Structures are given as C-alpha cells and as structure tokens.
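Inspection log for the structure reproduced underneath, given as structure tokens.
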Amino acid sequence: MKNSRDPNGSLDMSSARLRRPVGVAARRESLQLRKGLRTVDNQTTDDGQRTTDIGPMLTELLLTTCARVLSGASVRWIDCQPDTCQRVYFANHTSHLDMLLIWSSLPNEVRELTRPVAAKDYWDRGPIRRYMAKTFNALLVDRKEIKVHQSPVDLMLREIGSTHSLILFPEGGRSTGETVGEFKSGLYYLSKKRPDLELVPVHIDNMNRVLPRGEFLPVPLLSCITFGPPMWLEAGETKNDFLVRAREAVQRLKEVD
Amino acid sequence: MVREDWALAVVVVTLLTIATVVGQIVKRQPHLGLNAAAIDTFNRRVRAWWVICALLAIAFVSPTLTVALFGAMSFWALREFITLTPTRLGDHRALFWVFFFFTPLQYVLVAYNNYGLYSILIPVYAFLFIPARIAMAGDFKRFLERVAKIQSGLLICVYCLSFAPALLYLDRSPVDSASNARLLFFFVAMALLAEAFQFGWSQLYGRHVIAPSINAARTWEGLVGGSASAALAGMALYWATPYNEVWQAAFMSMVIAVMGFAGAMTMSAIKRDRGVRDYGTLVEGHGGVLDRIDSICFAAPVFYHITRELLQ
C-alpha cells in the first residue's frame, strides 16, 4: 500500500539541509532525546500498562484499516521520507476523513509521535468523537474563543515539546476541494517561534469526492495522499509571502504525477 | 476431482510456466533488439495470469466464494472507473447506492442463481434509479452526461463481469458443477490467450492499425490472426469443455477473442478521453484491476448467453 517514490529526493534534501545547518543540529539533538524518551516509554508499558493499552490499540488498528480501505489511498512521498524528526504536516482540508487519513498513512513509529490538531467544537461533542480524538491523540483547539493568554500556537508548542509532530489544516475549515483555500496565519507564527520544525506540505486528492462537505455516507473512490519536500520560514520573509508560498507548495503537489 | 480437471490443471500450469520462462529469457537477451517496454508489459501480464488462475481454482471448491471474489473485483474495478470519471457533488448519493446496494445485490442474486432478476437488475432498475436520484439532488448541469457515465461504469464493471461467475450456475440436464467450473476456467483462459495471440500477431505482422488515435497496438492483422489462433486453441481444449461439437468450442473461442478486442478498444477510448495510459497509473501501487479485466467484462455476457443456447 505504501509507496515511496524518490527520484531525486536525497539531493534536494541535502541541499535543503546545507542551507540550514542549525536546523539539522537541532533535529539530531531532538532525535537523540526522543530515542531516550522512547526507551523509557517502552519500559513503563512493560511494567504493566499493557491491559489498559489494548482498547486504544485496537481502535487505532480498526480506524486505520477502515480509513485505508474506504479511501483506497495510495501514499506517495515526493522529495521527502518518513522520519521521526519534529515536523508540521500541513494539508488541504476537504473532508472529515482527512485527519484520520493522513494520520493512518504515516508509518507506525512516526504516527506515535504525531498529533493532529483538530477543532474543539467538533471533536469535543459527544462521547464517540471524544473517544476518537483521544485515540488519535488529537490536540483540540478552540476555534471560537481565541484568547491572548492561551493562543492556539502557544498551546501547540507547549504540547509538542521537543518530541512530537503536528498535523495541521491551515485553511481553518473544509473547502470544496477544487482549489486550496487561503491559509490562516497559525502556520507562520508556529514556524516563527520554532524555526527548526520541518514544514511538510501534504496534498489530499479526491477525498472531497469520497466524503464531501455536508454528506455523511462515504463513497469508496480511490484517493491519493502526497507528501512533498519540507520547507522552512526564510529569513526576513513576510507573513503574507510565507503563507502564499506554503499554499502553493500544497497546490503544486496536486499536479505532480 | 475427475481426470479432466487434472489434465486442465496440468495444461494451464505448463502454459503459464512456458510463458514465464519465455518472458524471462527474452528479458535477458538484449541483443535481440525487442521492445523492452513491451517485454515488461508481457511479464507483468503473465504474473497477473498466475494470480487469476490460482484464484479461479477456488471455483472447483466453492462457487459461492468465487462469486464473492468476482464481486470484490467488480467493486474495485468500479472504484477505478468512477475515480477517473469526473462526477459532481450532486451524484454523491446516487454513487452511494451504486456501490453499496446495486453492486452487492447483483452478486447475491448471481449466487442464488436468480437469472430472471439479475439479468435485468442493472440495465432496468439501476438505470432508472440513477437519473431519478441525481435529479432529486437538484443539480442539472450536464445531467445526461453524468448519468451515462455512472450507468456505463455500472454496466461494464458490475453487470457484465457478473456473468463470468454466473457460468458456475448454468443449468443443464445432468447438473455437473465441476464441468461448470471447467467452463469458467476455459472462458478466462481463452480470454487471456486471445489477448496474448492478438498481441503476438500485432507485434509480428501488424501493418494496418485500426484506430491509431485510440490504441496504436491494435491492428487488423492482430484481430484476425488472434481470433483464428484462439479458435485453434479452443479446439485443442475441446476435451475440457461441455460443448457437444468441436466447432462449438472453436466458435466460442472466436467470440471471446472478438468481444475481448471490443472491450479493450472501448476501455482504451475511455482512457484516452481522460488522458491516462493505464487505470493503474492513477492509483500507484494498485496495478489497475480494470486494465486486466476489460476483455473479460465484454466477453462474459455474450459467452454466457451463447453457451446457454448451445448447451440446451
């Protein structure tokens, strides 16, 4: 099911890394830190938390299998490889299944460290949604009341610490899927405060036909998820320029064959 | 299993082994100057045949399982078809019914051998339902075109293909399920062989391309030579079929070859219109089910009905 295609990816990546030596160092450091943390995690689970973990594990397996079968998604990595380094995956948003789909298309070890950012007003309603959000390890953000002292960006940064990655939908809501909508500014502030985060554009194709806005029954067409080359906030880049560039990065993945 | 079953198994395995060996040898002989892409296509095809033949062996054990298998194939082929076809938001509910109601129901009816109903379920009831449901969704833009697209997808991928497993339930005076399973095997094997023959004839003697803008590989020489070779192969396999005369096996093989050709041409035309080469390229890693079964889809209903007449 997984298909990583990487014609000249290594080249691109290395040049990108050359441009940003600081980012690489920070990433290495965080990788080591994470490895340390993960062994600790394993030990604690070995000590006897297994029984409580079975439920979410099964739910996770069920959800990822359902998402894959229903969306028939083929996953492509273009000029980018799955990695446990800290990343922000940002994608176009056309259907309720998007979050689940990106999350389940990541390899297990990456998925464990990745938290989707979701709207609190939707995922906090009702016990089933709440349970699902817990399974995803979702980071619920209040879209209605954004206060100065608890801005979503600060919340995200606090929650991911130096180990986790994020899945973001910067359009701020679902679009029809024909074009990618305007991006909200969260992505910009996020990378301004944490310039070492790799920003990975993701394009989800055809999900607007599988489960369009306003429909509740999916039609099992084949969709395609494309992960693109990572990008960073350039020095001195304005908010507007950056958001336009990020949006184009997603849009461009649609045309890649 | 009776003697014919074993003989058929031996023949099929031998043929597939020969095809595999030839494909691998040719691949390792670059000095022959043959088209490398064509050889790769051939080798991929041979691999698919191995899978298809292995799956068809199930038909000897459980007809119901075979029906379910073809149902899954239909479902996947329809997915590929509709994915490639631009639909609008207004078609969503109709598509839901197509995928989750009409497709399974067709195969359930086949499994219960309800010929009277499954032979009209899609061309009558589904074809009336789809435009009505789309109209109720309230989007009239290019209405007839959208209806026709969904209808042809359902007809080709589901209705036509379902006649292949229906062969297993063919009523004959002495009911003989093993012989019906051999008939299905014969049908699929001939469809694959005819395709290979047409490919070979086109490559070797092809001069007059039938429709260059649609499929540059299909030639008149390929069609005529391929059908004639298929007829000969059908005569050679006569002992495995339930037909009463040798000419019947030969004639049915020719029918399969011609219908398979028609199916491949139709699918090529659809693919050209959508600007893709293979259904498989759209969904990377899924290897295009529709590319493999296009000839079977067209041949199955015709084969079923003529065989039904011949065996009565």
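How things are named: the first chain in the structure tokens is A, the next is B, and so on; residues count from 1 in each chain; ligands count from 1 in the order shown.
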- Task: Enumerate as an NGL selection string all residues of stretch 181-227 of chain A assigned to helix (DSSP H, G or I) by DSSP on the backbone, naming them with the chain letters and numbers the document uses.
- Result: :A and (186-193 or 207-210)
Based on the selection just made, write N, CA and C atoms of those residues as a JSON list (two decimals), in the first residue's frame.
```json
[["chain", "number", "residue", "atom", "x", "y", "z"],
["A", 186, "GLY", "N", -1.70, 30.77, 11.52],
["A", 186, "GLY", "CA", -1.10, 29.92, 12.56],
["A", 186, "GLY", "C", 0.22, 29.28, 12.16],
["A", 187, "LEU", "N", 0.27, 28.82, 10.94],
["A", 187, "LEU", "CA", 1.47, 28.14, 10.45],
["A", 187, "LEU", "C", 2.68, 29.07, 10.50],
["A", 188, "TYR", "N", 2.41, 30.33, 10.16],
["A", 188, "TYR", "CA", 3.51, 31.32, 10.16],
["A", 188, "TYR", "C", 4.04, 31.54, 11.57],
["A", 189, "TYR", "N", 3.13, 31.77, 12.53],
["A", 189, "TYR", "CA", 3.57, 32.04, 13.90],
["A", 189, "TYR", "C", 4.25, 30.81, 14.50],
["A", 190, "LEU", "N", 3.75, 29.66, 14.11],
["A", 190, "LEU", "CA", 4.34, 28.41, 14.60],
["A", 190, "LEU", "C", 5.81, 28.31, 14.17],
["A", 191, "SER", "N", 6.07, 28.57, 12.90],
["A", 191, "SER", "CA", 7.45, 28.40, 12.44],
["A", 191, "SER", "C", 8.31, 29.59, 12.83],
["A", 192, "LYS", "N", 7.67, 30.71, 13.14],
["A", 192, "LYS", "CA", 8.46, 31.84, 13.61],
["A", 192, "LYS", "C", 9.00, 31.55, 15.01],
["A", 193, "LYS", "N", 8.15, 30.94, 15.81],
["A", 193, "LYS", "CA", 8.59, 30.63, 17.17],
["A", 193, "LYS", "C", 9.47, 29.41, 17.23],
["A", 207, "MET", "N", -10.47, 13.26, -1.85],
["A", 207, "MET", "CA", -11.26, 13.00, -0.66],
["A", 207, "MET", "C", -12.54, 13.82, -0.65],
["A", 208, "ASN", "N", -12.54, 14.93, -1.38],
["A", 208, "ASN", "CA", -13.77, 15.73, -1.47],
["A", 208, "ASN", "C", -14.86, 14.96, -2.20],
["A", 209, "ARG", "N", -14.47, 13.92, -2.95],
["A", 209, "ARG", "CA", -15.48, 13.10, -3.61],
["A", 209, "ARG", "C", -15.85, 11.90, -2.74],
["A", 210, "VAL", "N", -14.91, 11.44, -1.92],
["A", 210, "VAL", "CA", -15.20, 10.30, -1.05],
["A", 210, "VAL", "C", -16.23, 10.68, 0.01]]
```
- Task: Select residues of chain A: the criterion is any atom within 10 Å of an atom of chain B, counting only C-alpha atoms; output as a PyMOL selection string.
- Result: chain A and resi 1-3+72-76+176+206+208-213+215-224+257
- Message: Env of A:Val256: 9 Å cut, atoms = only C-alpha atoms, seq-sep filter 2 positions within chain, self excluded. Answer as a ChimeraX atom specification.
- Response: /A:78,226,252-254
Excluding stretch 240-248 of chain A and its own-chain neighbours fewer than 2 positions away, which residues fall within 8 Å of it when counting only C-alpha atoms? Please give them as a tab-separated table (two decimals) with C-alpha atoms, in the first residue's frame.
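What follows is the written file around_26.tsv:
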```
chain	number	residue	atom	x	y	z
A	180	VAL	CA	-6.73	25.11	-1.90
A	181	GLY	CA	-8.19	27.96	0.16
A	182	GLU	CA	-6.37	30.86	1.81
A	183	PHE	CA	-4.20	29.81	4.74
A	184	LYS	CA	-4.69	31.14	8.24
A	185	SER	CA	-1.67	32.65	9.93
A	187	LEU	CA	1.47	28.14	10.45
A	188	TYR	CA	3.51	31.32	10.16
A	201	PRO	CA	3.19	20.10	2.66
A	233	LEU	CA	10.36	30.05	7.03
A	237	GLU	CA	10.07	36.53	4.81
A	238	THR	CA	6.83	38.37	5.45
A	250	VAL	CA	0.37	22.18	-1.31
A	251	GLN	CA	-1.28	23.19	-4.56
A	252	ARG	CA	1.78	22.14	-6.56
```
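Summary of the local environment: counting only C-alpha atoms, residues at most 12 Å from B:Gly263, other than itself and those fewer than 3 positions away along its chain, are Ile156, Cys157, Cys160, Leu161, Ala191, Glu195, Ile256, Ala257, Val258, Met259, Gly260, Thr266, Met267, Ser268, Ala269, Ile270, Leu290, Asp291, Arg292, Ile293, Asp294, Ser295, Ile296, Cys297, Phe298, Ala299, Ala300, Pro301 and Val302 of chain B.
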- Query: Residues at most 8 Å from B:Arg182, counting only C-alpha atoms, excluding those fewer than 3 positions away in the same chain, as a count of residues only?
  - Reply: 8
